[in-house]
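Read the structure below first, then the notes.
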Amino acid sequence: MELSRITTKGQITLPSSIRKRFGLGTGQQVMFEATEAGILVKPVRIQDLTRESKWKKELRIALKQVETGQGTFYGSTEEFMKALETDFGKTPRKKSRRINK
């Protein structure tokens, strides 16, 4: 167990053994989550932020379309798949290559 103090500015220093173990460097972002057991500190990875922000943006756009009655709505998965095939064509399958020995 490692200890740290909270400064007058509300800052804490992560012990070097923890930073090394989790690959945290200067400027690395961490997130704090309140749990039943206490405070959970987790490293934030760039790909996590990219995925989440892209997902949130796409969801916001989709919800806005639903609210305003925009967009295309399909009654079934089959109807949706037919529309995809019409718009984009069937996905070409890769031919397997034969290796001669």
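By order in the structure tokens, chains are A, B, ...; within a chain, residues start at 1; ligands start at 1, following the order shown.
Contact shell of stretch 14-16 of chain A at 10 Å (only C-alpha atoms; same-chain neighbours under 4 positions omitted): Glu2, Leu3, Ser4, Arg5, Lys20, Arg21, Phe22, Leu24 and Gly25 of chain A.
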Since we have the selection now, will you write its residues out, keeping N, CA and C atoms, as an mmCIF file, in the first residue's frame?
```cif
data_model
loop_
_atom_site.group_PDB
_atom_site.id
_atom_site.type_symbol
_atom_site.label_atom_id
_atom_site.label_comp_id
_atom_site.auth_asym_id
_atom_site.auth_seq_id
_atom_site.Cartn_x
_atom_site.Cartn_y
_atom_site.Cartn_z
ATOM 1 N N GLU A 2 0.526 2.194 -0.821
ATOM 2 C CA GLU A 2 1.266 3.447 -0.932
ATOM 3 C C GLU A 2 0.405 4.582 -0.385
ATOM 4 N N LEU A 3 1.031 5.590 0.193
ATOM 5 C CA LEU A 3 0.319 6.746 0.733
ATOM 6 C C LEU A 3 0.707 8.008 -0.011
ATOM 7 N N SER A 4 -0.219 8.955 -0.051
ATOM 8 C CA SER A 4 0.034 10.259 -0.644
ATOM 9 C C SER A 4 -0.827 11.266 0.102
ATOM 10 N N ARG A 5 -0.440 12.525 0.070
ATOM 11 C CA ARG A 5 -1.218 13.581 0.722
ATOM 12 C C ARG A 5 -1.901 14.452 -0.330
ATOM 13 N N LYS A 20 4.950 3.580 -12.626
ATOM 14 C CA LYS A 20 5.716 2.633 -13.441
ATOM 15 C C LYS A 20 4.895 1.390 -13.769
ATOM 16 N N ARG A 21 4.197 0.877 -12.787
ATOM 17 C CA ARG A 21 3.411 -0.346 -12.982
ATOM 18 C C ARG A 21 2.352 -0.178 -14.067
ATOM 19 N N PHE A 22 1.748 1.011 -14.122
ATOM 20 C CA PHE A 22 0.665 1.233 -15.078
ATOM 21 C C PHE A 22 1.084 2.072 -16.285
ATOM 22 N N LEU A 24 2.283 5.168 -16.521
ATOM 23 C CA LEU A 24 1.799 6.548 -16.504
ATOM 24 C C LEU A 24 2.963 7.517 -16.523
ATOM 25 N N GLY A 25 2.862 8.521 -17.370
ATOM 26 C CA GLY A 25 3.909 9.524 -17.467
ATOM 27 C C GLY A 25 3.354 10.914 -17.235
#
```
Shell of 12 Å around A:Val30, only C-alpha atoms, local chain residues under 2 positions omitted, as a list in words: Ile12, Leu14, Arg19, Phe22, Gly23, Leu24, Gly25, Thr26, Gly27, Gln28, Phe32, Glu33, Leu40, Val41, Lys42, Pro43, Val44, Arg45, Ile46, Asp48 and Leu49 of chain A
Among chain A, which ones does DSSP assign to alpha helix (DSSP H) (computed from the backbone)? Answer as a PyMOL selection string. chain A and resi 16-22+46-68+77-88
